[in-house]
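Each remark here refers to the structure printed beneath this line.
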Amino acid sequence: MIIIRDLKKQYPDTDRPVFDGFNLQVENGEFILLTGKSGSGKTTLIRMLLKEIEPDAGELIVGQYRLSEIPAGRIPFYRREIGVVFQDFRLFEDKTVYGNLELVMAMTGGRRRDAEKRITSILAMLGIDRLHKRYPRELSGGEQQKVCMARALINQPTLLLADEPTGNLDPASSAEIMRLMELVHRQGISVIMATHDLPTANSLIHSARRVDLDQTAPPSAAEGTGAAGRAVEGSAAGSADAPGTELSTMGNAAGSGIAGTAGTASAEGSGSTERPVSS
Ligand SMILES: Nc1ncnc2c1ncn2[C@@H]1O[C@H](COP(=O)(O)OP(=O)(O)OP(=O)(O)O)[C@@H](O)[C@H]1O
Ligand SMILES: [Mg+2]
C-alpha cells in the first residue's frame with residue numbers, strides 16, 4: 001500500500017508549489033493512471049516515490065517504508081523493490097538486450113544462476129525473446145520500451161512506476177506497451193503510470209483508477225479549481241482484482257527483500273533508478 005499524506009513540494013526559485021497538501025492512498029495491486037497537464041507534477045511525484053527528491057513536508061509511505069526514515073545507505077535497497085520505466089528508455093547502448101538485463105540483475109544482487117532463467121522468462125512474457133541478442137540501436141522504439149519493461153520487472157518488484165512510457169512511441173507501439181502494462185498489472189503488481197494518452201490507456205487498461213493532478217493542484221496552478229489539499233481517496237472500486245497477491249505484498253514484511261537479500265549489490269546503480277529524471 002502507498003500512503004501519501006499532506007504532501008508539499010515547491011522547487012527552489014519557483015513562484016508556486018507543485019504540491020500543497022496532496023493526499024493519495026493506493027492499495028496493493030491497484031493500477032493508477034496519473035494524469036494532469038504538463039507541469040502538474042507527475043514526474044515530481046514519481047521521483048519523490050523513488051526518493052530521488054524530497055518533499056518539503058508530508059508523509060510518503062510505500063509498503064512498510066516510511067520514506068523520510070530510510071537512511072541514505074538503504075535507499076538503493078528500497079529502490080530495488082520498485083520497477084521503473086521512463087519515456088526515454090535509458091538502455092545501455094553497448095550491451096545487447098540480454099546483456100542489459102543481465103547487468104541489472106548483477107548490479108542488484110540477483111544470483112547469477114537464476115539470471116538466465118529469469119531473463120528468458122521475462123522476455124518471453126513480454127513477447128520479445130527473439131530480440132535477446134540485439135543491441136538497442138537495432139530495435140524500434142516500441143521494442144526498446146518492452147526491453148525497459150523487462151528491465152523494470154527483472155527483480156520482481158511489487159510496484160511499477162512508469163513515467164509516460166508511451167510518450168515517444170507511435171500509436172501502435174503505445175497500444176502494445178499499454179497492453180503489456182495491463183498484463184503486468186494482472187500478475188498482481190501495483191502500477192502507477194503517468195500518461196498524456198488517456199484514451200489509449202482507458203481503452204486497454206481495465207480497472208485502473210485515474211488520479212488527475214489538475215484536480216488536486218494548488219489553486220494558483222489549477223487556475224481556480226480550488227482543489228488545494230483535496231484528498232484523492234483510494235476508493236477500492238476499480239481497483240485490481242489482481243489474483244497474484246504473492247507479488248503485491250508491499251507492506252507485508254515477509255514478502256519484502258529490502259532488508260534481507262541484497263548484501264552483494266553495489267550501493268549505486270539499481271537498474272531501475274540509476275538515471276534520475278532530469279526534467
Ligand atoms: N528541478 C526542478 N527545478 C525547478 N522546477 C522544477 C524542477 N523539476 C520540475 N520543476 C517544475 O515543477 C513543475 C512540475 O514538473 P513535473 O516535471 O513534475 O511535471 P509533469 O507533470 O511531469 O509534466 P510533463 O507532463 O511535462 O512531464 C513544473 O512547473 C516544472 O517546471
Ligand atoms: Mg513529466
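For the C-alpha cells, the naming scheme is as follows: chains receive sequential letters (A, B, ...) according to their order of presentation, residues are indexed from 1 within each chain, and ligands are indexed from 1 in presentation order.
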
Worksheet item: How would you write, as a PyMOL selection string, the set of residues in region 140-230 of chain A that DSSP gives as strand (DSSP E or B)?
Response: chain A and resi 159-163+190-194+208-212

Fill in: Distance filter 12 Å around ligand 2, atoms: only C-alpha atoms and all ligand atoms, out as a PyMOL selection string
chain A and resi 34-47+86-88+162-165+167+193-196+213+277-279

Worksheet item: Tell me, which residues of region 16-113 of chain A carry DSSP alpha helix (DSSP H), written as a list in words?
Response: Lys42, Thr43, Thr44, Leu45, Ile46, Arg47, Met48, Leu49, Ile75, Pro76, Phe77, Tyr78, Arg79, Val97, Tyr98, Gly99, Asn100, Leu101, Glu102, Leu103, Val104, Met105, Ala106, Met107, Arg112 and Arg113 of chain A

Worksheet item: For Tyr65 (chain A), which of A:Ala175, A:Gly127, A:Gly29, A:Ile2 is the closest residue, counting only C-alpha atoms?
Response: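 Result for the nearest residue to Tyr65 (chain A): A:Ile2.
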
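In this model, the gap between CA of Thr158 (chain A) and CA of Gly83 (chain A) comes to 7.9 Å.
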
Discussion item. At a cut-off of 6 Å, using only C-alpha atoms, what residues contact Arg5 (chain A)? Leave out same-chain residues fewer than 4 positions from it and give the result as JSON, numbers by chain.
Written reply: {"A": [23, 58, 59]}

Export, as a PDB file, in the first residue's frame, the selected residues with N, CA and C atoms.
```pdb
ATOM      1  N   ASN A  23      -2.926  14.385  -1.063  1.00  0.00           N
ATOM      2  CA  ASN A  23      -3.166  13.111  -0.384  1.00  0.00           C
ATOM      3  C   ASN A  23      -3.540  12.035  -1.398  1.00  0.00           C
ATOM      4  N   GLY A  58       5.100  16.552   4.688  1.00  0.00           N
ATOM      5  CA  GLY A  58       4.162  15.483   4.388  1.00  0.00           C
ATOM      6  C   GLY A  58       4.818  14.127   4.508  1.00  0.00           C
ATOM      7  N   GLU A  59       3.983  13.139   4.298  1.00  0.00           N
ATOM      8  CA  GLU A  59       4.441  11.784   4.558  1.00  0.00           C
ATOM      9  C   GLU A  59       4.280  10.929   3.305  1.00  0.00           C
TER      10      GLU A  59
END
```
